[in-house]
Structure formats: structure tokens, C-alpha cells
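Participant: My file is model02.pdb. It has PDB, C-alpha atoms:
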MODEL        1
ATOM      1  CA  MET A1466      -6.938  66.334 -50.576
ATOM      2  CA  SER A1467      -9.980  64.325 -51.532
ATOM      3  CA  ASP A1468     -13.427  64.758 -50.071
ATOM      4  CA  ASP A1469     -13.149  61.358 -48.351
ATOM      5  CA  GLU A1470      -9.944  62.372 -46.603
ATOM      6  CA  ILE A1471     -11.454  65.683 -45.472
ATOM      7  CA  GLU A1472     -14.492  63.875 -44.013
ATOM      8  CA  THR A1473     -12.304  61.386 -42.202
ATOM      9  CA  THR A1474     -10.226  64.164 -40.674
ATOM     10  CA  LYS A1475     -13.256  66.104 -39.442
ATOM     11  CA  ALA A1476     -15.018  63.075 -37.977
ATOM     12  CA  PRO A1477     -14.844  63.264 -34.137
ATOM     13  CA  THR A1478     -13.170  60.497 -32.286
ATOM     14  CA  GLU A1479     -15.732  58.544 -30.249
ATOM     15  CA  GLU A1480     -14.633  57.569 -26.702
ATOM     16  CA  PRO A1481     -16.135  54.537 -24.988
ATOM     17  CA  THR A1482     -19.046  55.615 -22.807
ATOM     18  CA  GLU A1483     -19.684  54.188 -19.294
ATOM     19  CA  ASP A1484     -22.991  52.871 -18.169
ATOM     20  CA  PRO A1485     -23.971  54.998 -15.096
ATOM     21  CA  GLU A1486     -25.887  52.141 -13.507
ATOM     22  CA  GLN A1487     -22.953  49.763 -13.922
ATOM     23  CA  THR A1488     -20.535  52.321 -12.409
ATOM     24  CA  LYS A1489     -22.818  52.806  -9.385
ATOM     25  CA  ASP A1490     -23.012  49.073  -8.832
ATOM     26  CA  ASP A1491     -19.206  48.750  -8.991
ATOM     27  CA  ASP A1492     -18.703  51.573  -6.472
ATOM     28  CA  GLU A1493     -21.200  50.065  -4.043
ATOM     29  CA  ALA A1494     -19.506  46.680  -4.347
ATOM     30  CA  GLN A1495     -16.148  48.262  -3.477
ATOM     31  CA  GLU A1496     -17.677  50.038  -0.470
ATOM     32  CA  ASP A1497     -19.421  46.891   0.764
ATOM     33  CA  GLU A1498     -16.256  44.797   0.659
ATOM     34  CA  PRO A1499     -14.395  46.426   3.624
ATOM     35  CA  SER A1500     -17.678  46.742   5.541
ATOM     36  CA  SER A1501     -18.361  43.028   5.237
ATOM     37  CA  LYS A1502     -14.809  42.296   6.350
ATOM     38  CA  ARG A1503     -15.294  44.421   9.462
ATOM     39  CA  LYS A1504     -18.538  42.618  10.249
ATOM     40  CA  ARG A1505     -16.859  39.230   9.922
ATOM     41  CA  LYS A1506     -14.001  40.418  12.132
ATOM     42  CA  ARG A1507     -16.412  41.597  14.829
ATOM     43  CA  LYS A1508     -18.261  38.293  14.701
ATOM     44  CA  ARG A1509     -15.023  36.341  15.139
ATOM     45  CA  LYS A1510     -13.966  38.559  18.057
ATOM     46  CA  LYS A1511     -17.333  38.195  19.773
ATOM     47  CA  LYS A1512     -17.245  34.441  19.306
ATOM     48  CA  ALA A1513     -13.753  34.238  20.802
ATOM     49  CA  ASN A1514     -14.759  36.295  23.888
ATOM     50  CA  PRO A1515     -18.353  35.353  24.741
ATOM     51  CA  ASN A1516     -17.990  36.428  28.402
ATOM     52  CA  SER A1517     -16.180  39.723  27.907
ATOM     53  CA  GLU A1518     -19.229  41.800  28.866
ATOM     54  CA  GLU A1519     -20.960  42.069  32.210
ATOM     55  CA  THR A1520     -23.546  39.459  32.936
ATOM     56  CA  ALA A1521     -27.070  40.762  33.222
ATOM     57  CA  GLY A1522     -27.860  41.687  36.813
ATOM     58  CA  GLY A1523     -24.579  40.265  38.133
ATOM     59  CA  ASP A1524     -20.974  41.156  38.748
ATOM     60  CA  ALA A1525     -18.528  42.127  36.043
ATOM     61  CA  THR A1526     -16.434  39.266  34.771
ATOM     62  CA  THR A1527     -12.668  39.275  34.941
ATOM     63  CA  SER A1528     -10.412  39.862  31.940
ATOM     64  CA  THR A1529     -10.185  36.099  31.440
ATOM     65  CA  GLY A1530     -13.975  35.804  31.170
ATOM     66  CA  ALA A1531     -14.368  34.064  34.545
ATOM     67  CA  ALA A1532     -16.561  35.342  37.365
ATOM     68  CA  PRO A1533     -14.598  37.016  40.208
ATOM     69  CA  SER A1534     -13.522  34.643  42.950
ATOM     70  CA  ALA A1535     -14.176  35.193  46.648
ATOM     71  CA  GLU A1536     -10.601  36.407  47.102
ATOM     72  CA  ASP A1537     -11.024  38.872  44.226
ATOM     73  CA  LYS A1538     -14.119  40.267  45.936
ATOM     74  CA  LEU A1539     -12.338  40.604  49.278
ATOM     75  CA  ASN A1540      -9.758  42.826  47.574
ATOM     76  CA  SER A1541     -12.243  44.720  45.389
ATOM     77  CA  ILE A1542     -13.425  48.247  46.100
ATOM     78  CA  ASP A1543     -16.553  47.476  44.069
ATOM     79  CA  HIS A1544     -17.677  45.011  46.766
ATOM     80  CA  THR A1545     -16.599  47.039  49.822
ATOM     81  CA  VAL A1546     -17.913  49.936  51.900
ATOM     82  CA  TYR A1547     -16.190  51.999  54.584
ATOM     83  CA  VAL A1548     -18.195  52.504  57.772
ATOM     84  CA  GLU A1549     -17.723  55.137  60.483
ATOM     85  CA  GLY A1550     -19.707  55.755  63.655
ATOM     86  CA  ILE A1551     -19.877  52.151  64.881
ATOM     87  CA  PRO A1552     -20.702  52.123  68.608
ATOM     88  CA  PHE A1553     -17.651  51.177  70.652
ATOM     89  CA  ASP A1554     -19.637  48.716  72.754
ATOM     90  CA  CYS A1555     -20.850  46.819  69.680
ATOM     91  CA  GLN A1556     -19.806  43.292  68.794
ATOM     92  CA  GLU A1557     -18.965  42.252  65.242
ATOM     93  CA  ALA A1558     -22.053  40.047  65.186
ATOM     94  CA  GLU A1559     -24.232  43.098  65.889
ATOM     95  CA  VAL A1560     -22.680  45.043  63.016
ATOM     96  CA  LYS A1561     -23.233  42.112  60.671
ATOM     97  CA  SER A1562     -26.854  41.757  61.818
ATOM     98  CA  PHE A1563     -27.434  45.450  61.104
ATOM     99  CA  PHE A1564     -26.638  44.972  57.411
ATOM    100  CA  ILE A1565     -28.470  41.653  57.121
ATOM    101  CA  ASP A1566     -31.621  43.003  58.788
ATOM    102  CA  ASN A1567     -31.616  45.955  56.400
ATOM    103  CA  GLY A1568     -31.536  43.900  53.216
ATOM    104  CA  CYS A1569     -27.804  43.354  52.640
ATOM    105  CA  LYS A1570     -27.829  39.672  53.451
ATOM    106  CA  ASP A1571     -24.659  38.554  51.655
ATOM    107  CA  VAL A1572     -22.011  39.985  53.987
ATOM    108  CA  LEU A1573     -18.768  38.328  52.956
ATOM    109  CA  GLN A1574     -16.388  39.766  55.546
ATOM    110  CA  LEU A1575     -16.106  42.366  58.318
ATOM    111  CA  ARG A1576     -12.782  44.125  58.853
ATOM    112  CA  LEU A1577     -13.280  46.089  62.050
ATOM    113  CA  PRO A1578     -10.141  47.237  63.914
ATOM    114  CA  THR A1579     -10.080  46.787  67.684
ATOM    115  CA  TRP A1580      -8.090  48.374  70.474
ATOM    116  CA  GLN A1581      -5.162  46.203  71.439
ATOM    117  CA  ASP A1582      -5.549  46.653  75.179
ATOM    118  CA  SER A1583      -9.322  46.214  75.542
ATOM    119  CA  GLY A1584     -10.362  44.373  72.387
ATOM    120  CA  ARG A1585     -13.237  46.830  71.850
ATOM    121  CA  LEU A1586     -14.121  48.101  68.395
ATOM    122  CA  ARG A1587     -12.473  51.339  67.338
ATOM    123  CA  GLY A1588     -15.639  52.639  65.678
ATOM    124  CA  PHE A1589     -14.795  52.215  62.004
ATOM    125  CA  GLY A1590     -13.945  49.538  59.473
ATOM    126  CA  HIS A1591     -14.750  47.907  56.139
ATOM    127  CA  VAL A1592     -17.595  45.599  55.181
ATOM    128  CA  VAL A1593     -17.311  43.366  52.100
ATOM    129  CA  PHE A1594     -20.359  42.013  50.260
ATOM    130  CA  ASP A1595     -20.653  39.094  47.873
ATOM    131  CA  THR A1596     -22.599  41.146  45.293
ATOM    132  CA  THR A1597     -22.382  44.727  44.092
ATOM    133  CA  GLU A1598     -26.151  45.049  44.557
ATOM    134  CA  SER A1599     -25.821  44.742  48.339
ATOM    135  CA  ARG A1600     -22.848  47.078  48.364
ATOM    136  CA  ASN A1601     -24.763  49.738  46.433
ATOM    137  CA  LYS A1602     -27.829  49.262  48.664
ATOM    138  CA  ALA A1603     -25.685  49.878  51.743
ATOM    139  CA  LEU A1604     -24.316  53.084  50.236
ATOM    140  CA  GLU A1605     -27.646  54.419  49.037
ATOM    141  CA  GLU A1606     -30.127  53.276  51.686
ATOM    142  CA  LEU A1607     -28.254  52.513  54.930
ATOM    143  CA  ASN A1608     -26.043  55.591  55.107
ATOM    144  CA  GLY A1609     -27.267  57.708  58.035
ATOM    145  CA  LYS A1610     -29.230  54.919  59.738
ATOM    146  CA  HIS A1611     -28.743  54.372  63.466
ATOM    147  CA  LEU A1612     -27.014  51.441  65.102
ATOM    148  CA  LYS A1613     -27.838  51.639  68.782
ATOM    149  CA  LYS A1614     -27.515  55.344  69.603
ATOM    150  CA  ARG A1615     -25.064  56.294  66.817
ATOM    151  CA  TYR A1616     -25.783  56.918  63.164
ATOM    152  CA  LEU A1617     -23.500  55.265  60.632
ATOM    153  CA  ASN A1618     -21.602  57.081  57.926
ATOM    154  CA  ILE A1619     -21.232  54.620  55.040
ATOM    155  CA  GLN A1620     -18.963  55.660  52.194
ATOM    156  CA  THR A1621     -17.111  54.321  49.199
ATOM    157  CA  PRO A1622     -13.637  53.231  50.354
ATOM    158  CA  LYS A1623     -10.711  55.228  49.076
ATOM    159  CA  ASP A1624      -8.802  53.783  46.147
ATOM    160  CA  ARG A1625      -5.534  52.655  47.655
ATOM    161  CA  GLY A1626      -3.814  52.978  44.302
ATOM    162  CA  GLY A1627      -1.593  50.057  43.398
ATOM    163  CA  GLY A1628      -2.330  47.871  46.387
ATOM    164  CA  GLY A1629      -2.238  50.418  49.192
ATOM    165  CA  SER A1630       1.447  50.568  49.982
ATOM    166  CA  ASN A1631       2.891  53.706  51.514
ATOM    167  CA  ALA A1632       5.543  53.826  48.808
ATOM    168  CA  GLY A1633       6.674  57.381  48.255
ATOM    169  CA  ALA A1634       5.217  58.621  51.558
ATOM    170  CA  GLN A1635       7.588  60.204  54.028
ATOM    171  CA  PRO A1636       7.712  58.069  57.221
ATOM    172  CA  ARG A1637       7.200  59.863  60.506
ATOM    173  CA  ASP A1638       9.955  60.078  63.091
ATOM    174  CA  GLN A1639      10.466  56.939  65.124
ATOM    175  CA  PRO A1640       9.264  57.207  68.731
ATOM    176  CA  GLU A1641      12.136  56.736  71.150
ATOM    177  CA  GLY A1642      12.800  53.060  71.859
ATOM    178  CA  CYS A1643       9.904  51.844  69.668
ATOM    179  CA  ARG A1644      10.481  48.217  68.609
ATOM    180  CA  THR A1645       7.003  47.312  67.332
ATOM    181  CA  ILE A1646       5.358  48.097  64.005
ATOM    182  CA  PHE A1647       1.759  48.092  62.860
ATOM    183  CA  VAL A1648       1.290  46.387  59.465
ATOM    184  CA  ARG A1649      -1.806  46.631  57.285
ATOM    185  CA  ASN A1650      -2.864  45.783  53.730
ATOM    186  CA  MET A1651      -2.031  42.146  54.435
ATOM    187  CA  PRO A1652      -3.766  39.375  52.467
ATOM    188  CA  TYR A1653      -6.894  38.099  54.179
ATOM    189  CA  ARG A1654      -6.225  34.500  53.285
ATOM    190  CA  GLY A1655      -3.294  32.215  52.578
ATOM    191  CA  ILE A1656      -0.819  33.556  55.147
ATOM    192  CA  ASP A1657       0.072  32.911  58.768
ATOM    193  CA  GLU A1658       2.581  34.164  61.338
ATOM    194  CA  LYS A1659       5.454  32.246  59.710
ATOM    195  CA  ASP A1660       4.863  33.924  56.344
ATOM    196  CA  VAL A1661       4.945  37.364  57.938
ATOM    197  CA  GLU A1662       8.079  36.537  59.917
ATOM    198  CA  GLU A1663       9.775  35.307  56.737
ATOM    199  CA  VAL A1664       9.260  38.723  55.117
ATOM    200  CA  PHE A1665      10.127  40.967  58.072
ATOM    201  CA  ARG A1666      13.079  39.104  59.536
ATOM    202  CA  SER A1667      15.233  40.654  56.815
ATOM    203  CA  CYS A1668      14.727  43.958  58.658
ATOM    204  CA  GLY A1669      16.013  42.678  61.999
ATOM    205  CA  LYS A1670      15.693  39.979  64.633
ATOM    206  CA  ILE A1671      12.088  39.334  65.711
ATOM    207  CA  VAL A1672      11.389  38.309  69.305
ATOM    208  CA  GLU A1673       9.757  34.958  70.016
ATOM    209  CA  GLY A1674       6.042  35.276  69.376
ATOM    210  CA  GLY A1675       6.661  38.747  67.960
ATOM    211  CA  VAL A1676       4.296  38.349  64.998
ATOM    212  CA  ARG A1677       0.673  38.848  65.988
ATOM    213  CA  LEU A1678      -2.056  38.765  63.338
ATOM    214  CA  THR A1679      -5.546  39.972  64.193
ATOM    215  CA  ARG A1680      -8.373  37.529  63.535
ATOM    216  CA  ASN A1681     -12.110  37.441  63.800
ATOM    217  CA  TYR A1682     -12.895  36.085  67.251
ATOM    218  CA  GLN A1683     -15.536  33.656  65.966
ATOM    219  CA  THR A1684     -14.480  32.722  62.416
ATOM    220  CA  LYS A1685     -10.701  32.998  63.010
ATOM    221  CA  GLU A1686     -10.393  34.749  59.612
ATOM    222  CA  LEU A1687      -7.630  37.326  59.218
ATOM    223  CA  LYS A1688      -8.586  41.000  59.312
ATOM    224  CA  GLY A1689      -5.746  42.201  57.107
ATOM    225  CA  PHE A1690      -3.534  43.829  59.731
ATOM    226  CA  GLY A1691      -1.227  42.861  62.582
ATOM    227  CA  TYR A1692       1.894  43.647  64.602
ATOM    228  CA  VAL A1693       5.567  42.713  64.437
ATOM    229  CA  GLU A1694       7.877  43.171  67.433
ATOM    230  CA  PHE A1695      11.636  43.364  66.878
ATOM    231  CA  LYS A1696      14.385  42.782  69.409
ATOM    232  CA  ASN A1697      15.875  46.215  68.704
ATOM    233  CA  PRO A1698      14.463  49.573  67.560
ATOM    234  CA  GLU A1699      16.699  49.345  64.483
ATOM    235  CA  GLY A1700      14.543  46.512  63.146
ATOM    236  CA  ALA A1701      11.366  48.594  63.379
ATOM    237  CA  TYR A1702      13.100  51.551  61.720
ATOM    238  CA  SER A1703      14.311  49.381  58.835
ATOM    239  CA  ALA A1704      10.829  47.931  58.272
ATOM    240  CA  VAL A1705       9.160  51.355  58.130
ATOM    241  CA  GLN A1706      11.797  52.745  55.780
ATOM    242  CA  ARG A1707      11.669  49.757  53.420
ATOM    243  CA  ALA A1708       7.881  49.771  53.323
ATOM    244  CA  ALA A1709       7.966  53.462  52.388
ATOM    245  CA  LYS A1710       9.930  52.431  49.298
ATOM    246  CA  GLY A1711       7.509  49.600  48.452
ATOM    247  CA  GLY A1712      10.056  46.938  49.324
ATOM    248  CA  LEU A1713       7.994  44.682  51.634
ATOM    249  CA  LEU A1714       5.502  42.374  49.906
ATOM    250  CA  LEU A1715       3.204  39.689  51.310
ATOM    251  CA  LYS A1716       1.853  37.391  48.589
ATOM    252  CA  GLY A1717       2.365  40.210  46.105
ATOM    253  CA  ARG A1718       0.655  42.871  48.238
ATOM    254  CA  PRO A1719       2.747  45.863  49.389
ATOM    255  CA  CYS A1720       2.614  46.218  53.173
ATOM    256  CA  LYS A1721       1.716  49.518  54.772
ATOM    257  CA  VAL A1722       3.825  49.943  57.888
ATOM    258  CA  ASP A1723       3.916  52.420  60.784
ATOM    259  CA  TYR A1724       5.318  52.522  64.293
ATOM    260  CA  GLU A1725       3.083  51.026  66.989
ATOM    261  CA  GLU A1726       3.054  52.757  70.369
ATOM    262  CA  GLY A1727       0.114  50.989  71.998
ATOM    263  CA  LYS A1728       0.251  48.315  74.653
ATOM    264  CA  MET A1729      -0.438  44.701  73.865
ATOM    265  CA  LYS A1730      -3.334  43.183  75.734
ATOM    266  CA  GLY A1731      -2.652  39.989  77.675
ATOM    267  CA  SER A1732      -5.641  38.199  76.121
ATOM    268  CA  PHE A1733      -4.264  38.332  72.555
ATOM    269  CA  ARG A1734      -4.662  34.933  70.855
ATOM    270  CA  ASN A1735      -2.645  33.191  68.151
ATOM    271  CA  ALA A1736      -3.757  31.209  65.067
ATOM    272  CA  ASP A1737      -4.693  28.158  67.181
ATOM    273  CA  GLY A1738      -6.855  30.235  69.498
ATOM    274  CA  LYS A1739      -4.340  29.893  72.337
ATOM    275  CA  ASN A1740      -3.728  32.768  74.694
ATOM    276  CA  TRP A1741      -0.527  34.553  73.643
ATOM    277  CA  GLN A1742       0.546  35.122  77.237
ATOM    278  CA  LYS A1743       0.285  31.409  78.044
ATOM    279  CA  ALA A1744       2.249  30.450  74.942
ATOM    280  CA  HIS A1745       5.043  33.022  75.234
ATOM    281  CA  GLY A1746       5.096  34.096  78.859
ATOM    282  CA  SER A1747       4.050  37.256  80.643
ATOM    283  CA  VAL A1748       3.395  40.441  78.717
ATOM    284  CA  TYR A1749       5.597  42.167  81.288
ATOM    285  CA  GLU A1750       9.263  42.630  80.490
ATOM    286  CA  GLU A1751      11.583  40.067  82.015
ATOM    287  CA  ARG A1752      14.214  42.761  82.590
ATOM    288  CA  GLY A1753      13.891  46.253  83.973
ATOM    289  CA  ASP A1754      10.719  47.665  85.432
ATOM    290  CA  PRO A1755       8.296  44.744  86.071
ATOM    291  CA  LYS A1756       5.367  47.063  85.367
ATOM    292  CA  ARG A1757       6.574  47.948  81.883
ATOM    293  CA  ILE A1758       4.327  46.270  79.335
ATOM    294  CA  ARG A1759       5.764  44.801  76.171
ATOM    295  CA  ARG A1760       4.671  46.507  73.002
TER     296      ARG A1760
ENDMDL
END
Since I need it in another form, could you write the structure as C-alpha cells?
Facilitator:
Amino acid sequence: MSDDEIETTKAPTEEPTEDPEQTKDDDEAQEDEPSSKRKRKRKRKKKANPNSEETAGGDATTSTGAAPSAEDKLNSIDHTVYVEGIPFDCQEAEVKSFFIDNGCKDVLQLRLPTWQDSGRLRGFGHVVFDTTESRNKALEELNGKHLKKRYLNIQTPKDRGGGGSNAGAQPRDQPEGCRTIFVRNMPYRGIDEKDVEEVFRSCGKIVEGGVRLTRNYQTKELKGFGYVEFKNPEGAYSAVQRAAKGGLLLKGRPCKVDYEEGKMKGSFRNADGKNWQKAHGSVYEERGDPKRIRR
């Protein structure tokens, strides 16, 4: 073997070397590429949904980006408070003035149950505000304040879970001979007696004038509850049982139904403001004991 061949054999093979600076630049470029794509994606998403976040100092927008409507607020827990301790001799106007005078000026609706025989307030109810600021002020600052000689207990209303139906709840035993039911969780707008009768007549025959919806005495707005009187007790039983299974809906809202054992007052008025007794006859039964009051 010649000296040239030996030198060629011993000469190390040189591998191509990498420039460290160039390698660093390439790695950073690869890392920046997905990051820039994510940034562009976020920008496109934000541009497509400009109203997806809450407006500063206002109410949260809906999933479609529009501000909540008045009907949405009426059905929203975020705009509602539950009030206990209302004096029984109060009028609705006095309750409304209490909140307005104490800084909650945007009262949207009062839902205060009344006794059927006397028309007096039952001492509790819900108050709906147009803004969450007034609702929060009522919870934080007005709770414990006095209205007349009673102090008010103002709380967050309970989440009715899926619209407030009594689906899954075990109905109580039907009182003997009970033909009337108490219905709540009704829509506050967009329904009348005919709509309610259309839903409940599948349970049994309803007597003439048997659907009675409670309304605000001054504004005539619905309060979200009412009564349905059937010709036979079987109709009331069917309604309570079906409601317990979530099978009675009014404009998409599940009705909450129970047996009604109270006595109807003769001064109850219909949608036109007419006295129920004048429109449908005496509240006394036409047959049997003349002193027996219709439920």
C-alpha cells in the first residue's frame, strides 16, 4: 500500500456542520407559526361575535348577542327577588313605592299572591326589576327594612330547575270531591283564558267560566297563576297527575298544578274587568245546598 493510500484511509470523514444561529432561527420560526395561527383564529372568532361578552355596567347579553327582552327578564332569576313579610293590609302600589323610594326605581313587575275570598295580599311574592343593579341593591340594602310595621325578608328566588314544573314530584292525595286546581308557572304574557282551557280540557270537561287567571287590579297584567274548575273530580285528578309527569305545557312552560280547596270570592274579575259572578251567575251552587260555595 502506498503512502498516499494510507493517508487517504486515515483521513477523517468531515460531516457538514450546522450554524447554531441558523438552527435557532429555524426553531423559533416553527414555534411562531402555530402561535400566529391561534392569534388569527381568536381574532376571527372575536370579530364574528362582537357582543358575546357582557356590556359594561349593563345586563348580560343573550347567546345570540342581543340584549335580553322584557319577557326574558320577567322569566329570569337574575332580575327577580323573593319577598316575605309583606303586611297583609298593604296594596300592590304600596309595595312598589317601597322599592322605588329606596332607590330601586325600575320595578318591572310585581307578582304578589292574594287570598281568593278577600283579595288581600298573602304576605309574600316576587318582584322583577328591569336591571340587575336594582335587583342586587334590593338584596343587599333593602333586606330587613320595615314596610309599615313589618320588616321584609328579601332573598334570591329559588332556581325552579327546568321551568318550575313539578315533574317527578309525588302528588298529594286528592281531597274528597275536589274539582278545582291551582295552576302556577304560567307565562305572564301572551295567553288568556282560552289558551289555558285549550290545554286543560284534555284532562276533563271544564265548567263554563271555569278558567280564572289572576291579574293585577290596575294594570290587568297576568300574575303567572290561576285556577281551573272541572265538572267532575276526575278532571282535577287527571290534571294533577299529568302535571307531575311534566305533560302540561303553556307556551312551552311546564305548569305546576295542585288541588285547590279554597273558596272563590264573588268579586273575581275576568280579562275584560267584568265581575265573574255577573258574567257566569251566582257563586253558589245551582243544585244542592244553596249555601255551598263553588270552588
Participant: For the point (12.0, 49.4, 62.7) in file coordinates, what residues are within 9 Å, counting only C-alpha atoms? Give the answer as a ChimeraX atom specification?
Facilitator: /A:1639,1643-1646,1668-1669,1694-1695,1697-1706,1723-1724
Participant: Please provide the set of residues having any atom within 8 Å of stretch 1544-1548 of chain A, restricted to all atoms listed in the file, with same-chain residues fewer than 5 positions apart removed, written as a list in words.
Facilitator: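 Contacts, in chain order: Lys1538, Leu1539, Phe1589, Gly1590, His1591, Val1592, Val1593, Phe1594, Asp1595, Thr1596, Thr1597, Arg1600, Ala1603, Leu1604, Leu1617, Asn1618, Ile1619, Gln1620, Thr1621 and Pro1622 of chain A.
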Participant: Can you measure atom CA of A:Ser1534 to atom CA of A:Phe1665 for me? One decimal in Å is fine.
Facilitator: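 For atom CA of A:Ser1534 relative to atom CA of A:Phe1665, the distance reads 28.8 Å.
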Participant: Residues within 10 Å of A:Glu1662, please, as a list in words. Count only C-alpha atoms; anything in the same chain fewer than 6 positions from it doesn't count.
Facilitator: Lys1670, Ile1671, Gly1674, Gly1675, Val1676, Arg1677 and Val1693 of chain A
Participant: If the PyMOL selection byres ((chain A and resi 1685-1687) around 10) is run on the structure shown, which residues does it catch, given as a list in words?
Facilitator: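 Output from the PyMOL selection byres ((chain A and resi 1685-1687) around 10), applied to this file: Gln1574, Leu1575, Arg1576, Met1651, Pro1652, Tyr1653, Arg1654, Gly1655, Ile1656, Asp1657, Leu1678, Thr1679, Arg1680, Asn1681, Tyr1682, Gln1683, Thr1684, Lys1688, Gly1689, Phe1690, Gly1691, Asn1735, Ala1736, Asp1737 and Gly1738 of chain A.
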Participant: Counting all atoms listed in the file, figure out which residue out of A:Cys1569, A:Lys1659, A:Leu1586, A:Cys1720 gets nearest to A:Asn1601.
Facilitator: A:Cys1569
Participant: Can you pull out every residue within 12 Å of A:Asp1554, counting only C-alpha atoms, but drop anything in the same chain fewer than 6 positions away, and send it as an MDAnalysis selection string?
Facilitator: chainID A and resid 1560 1579:1580 1583:1588 1612:1615
Participant: Please report the interatomic distance between atom CA of A:Lys1696 and atom CA of A:Glu1673 in Å with one decimal.
Facilitator: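 These atoms are spaced 9.1 Å apart.
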Participant: Got a sec to resolve the PyMOL selection byres ((chain A and resi 1709-1713) around 12) on this structure and send the residues as a PyMOL selection string?
Facilitator: chain A and resi 1627-1637+1648-1651+1661-1668+1702-1708+1714-1723
Participant: How would the residues just picked look written out with C-alpha atoms as a PDB file, in the frame of the given file?
Facilitator:
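Written file, out.pdb:
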ATOM      1  CA  GLY A1627      -1.593  50.057  43.398  1.00  0.00           C
ATOM      2  CA  GLY A1628      -2.330  47.871  46.387  1.00  0.00           C
ATOM      3  CA  GLY A1629      -2.238  50.418  49.192  1.00  0.00           C
ATOM      4  CA  SER A1630       1.447  50.568  49.982  1.00  0.00           C
ATOM      5  CA  ASN A1631       2.891  53.706  51.514  1.00  0.00           C
ATOM      6  CA  ALA A1632       5.543  53.826  48.808  1.00  0.00           C
ATOM      7  CA  GLY A1633       6.674  57.381  48.255  1.00  0.00           C
ATOM      8  CA  ALA A1634       5.217  58.621  51.558  1.00  0.00           C
ATOM      9  CA  GLN A1635       7.588  60.204  54.028  1.00  0.00           C
ATOM     10  CA  PRO A1636       7.712  58.069  57.221  1.00  0.00           C
ATOM     11  CA  ARG A1637       7.200  59.863  60.506  1.00  0.00           C
ATOM     12  CA  VAL A1648       1.290  46.387  59.465  1.00  0.00           C
ATOM     13  CA  ARG A1649      -1.806  46.631  57.285  1.00  0.00           C
ATOM     14  CA  ASN A1650      -2.864  45.783  53.730  1.00  0.00           C
ATOM     15  CA  MET A1651      -2.031  42.146  54.435  1.00  0.00           C
ATOM     16  CA  VAL A1661       4.945  37.364  57.938  1.00  0.00           C
ATOM     17  CA  GLU A1662       8.079  36.537  59.917  1.00  0.00           C
ATOM     18  CA  GLU A1663       9.775  35.307  56.737  1.00  0.00           C
ATOM     19  CA  VAL A1664       9.260  38.723  55.117  1.00  0.00           C
ATOM     20  CA  PHE A1665      10.127  40.967  58.072  1.00  0.00           C
ATOM     21  CA  ARG A1666      13.079  39.104  59.536  1.00  0.00           C
ATOM     22  CA  SER A1667      15.233  40.654  56.815  1.00  0.00           C
ATOM     23  CA  CYS A1668      14.727  43.958  58.658  1.00  0.00           C
ATOM     24  CA  TYR A1702      13.100  51.551  61.720  1.00  0.00           C
ATOM     25  CA  SER A1703      14.311  49.381  58.835  1.00  0.00           C
ATOM     26  CA  ALA A1704      10.829  47.931  58.272  1.00  0.00           C
ATOM     27  CA  VAL A1705       9.160  51.355  58.130  1.00  0.00           C
ATOM     28  CA  GLN A1706      11.797  52.745  55.780  1.00  0.00           C
ATOM     29  CA  ARG A1707      11.669  49.757  53.420  1.00  0.00           C
ATOM     30  CA  ALA A1708       7.881  49.771  53.323  1.00  0.00           C
ATOM     31  CA  LEU A1714       5.502  42.374  49.906  1.00  0.00           C
ATOM     32  CA  LEU A1715       3.204  39.689  51.310  1.00  0.00           C
ATOM     33  CA  LYS A1716       1.853  37.391  48.589  1.00  0.00           C
ATOM     34  CA  GLY A1717       2.365  40.210  46.105  1.00  0.00           C
ATOM     35  CA  ARG A1718       0.655  42.871  48.238  1.00  0.00           C
ATOM     36  CA  PRO A1719       2.747  45.863  49.389  1.00  0.00           C
ATOM     37  CA  CYS A1720       2.614  46.218  53.173  1.00  0.00           C
ATOM     38  CA  LYS A1721       1.716  49.518  54.772  1.00  0.00           C
ATOM     39  CA  VAL A1722       3.825  49.943  57.888  1.00  0.00           C
ATOM     40  CA  ASP A1723       3.916  52.420  60.784  1.00  0.00           C
TER      41      ASP A1723
END
Participant: Any idea what the distance is between atom CA of A:Lys1610 and atom CA of A:Glu1559?
Facilitator: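 Computing it gives 14.2 Å between the two atoms.
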Participant: Would you please work out which residue, of A:Pro1533, A:Gly1609, A:Pro1578, A:Gly1727, is nearest to A:Glu1557 when using only C-alpha atoms?
Facilitator: A:Pro1578
Participant: Determine, counting only C-alpha atoms, every residue of protein, DNA or RNA that lies within 12 Å of (-28.2, 40.3, 57.9) in the file coordinates, then give the result as a short mmCIF file (atom, residue, chain, number, x, y, z; two decimals) with C-alpha atoms, in the coordinates of the input.
Facilitator:
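And here's selection-v7.cif as it stands now:
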data_model
loop_
_atom_site.label_atom_id
_atom_site.label_comp_id
_atom_site.auth_asym_id
_atom_site.auth_seq_id
_atom_site.Cartn_x
_atom_site.Cartn_y
_atom_site.Cartn_z
CA GLU A 1557 -18.96 42.25 65.24
CA ALA A 1558 -22.05 40.05 65.19
CA GLU A 1559 -24.23 43.10 65.89
CA VAL A 1560 -22.68 45.04 63.02
CA LYS A 1561 -23.23 42.11 60.67
CA SER A 1562 -26.85 41.76 61.82
CA PHE A 1563 -27.43 45.45 61.10
CA PHE A 1564 -26.64 44.97 57.41
CA ILE A 1565 -28.47 41.65 57.12
CA ASP A 1566 -31.62 43.00 58.79
CA ASN A 1567 -31.62 45.96 56.40
CA GLY A 1568 -31.54 43.90 53.22
CA CYS A 1569 -27.80 43.35 52.64
CA LYS A 1570 -27.83 39.67 53.45
CA ASP A 1571 -24.66 38.55 51.66
CA VAL A 1572 -22.01 39.98 53.99
CA LEU A 1573 -18.77 38.33 52.96
CA PHE A 1594 -20.36 42.01 50.26
CA SER A 1599 -25.82 44.74 48.34
CA ALA A 1603 -25.68 49.88 51.74
#
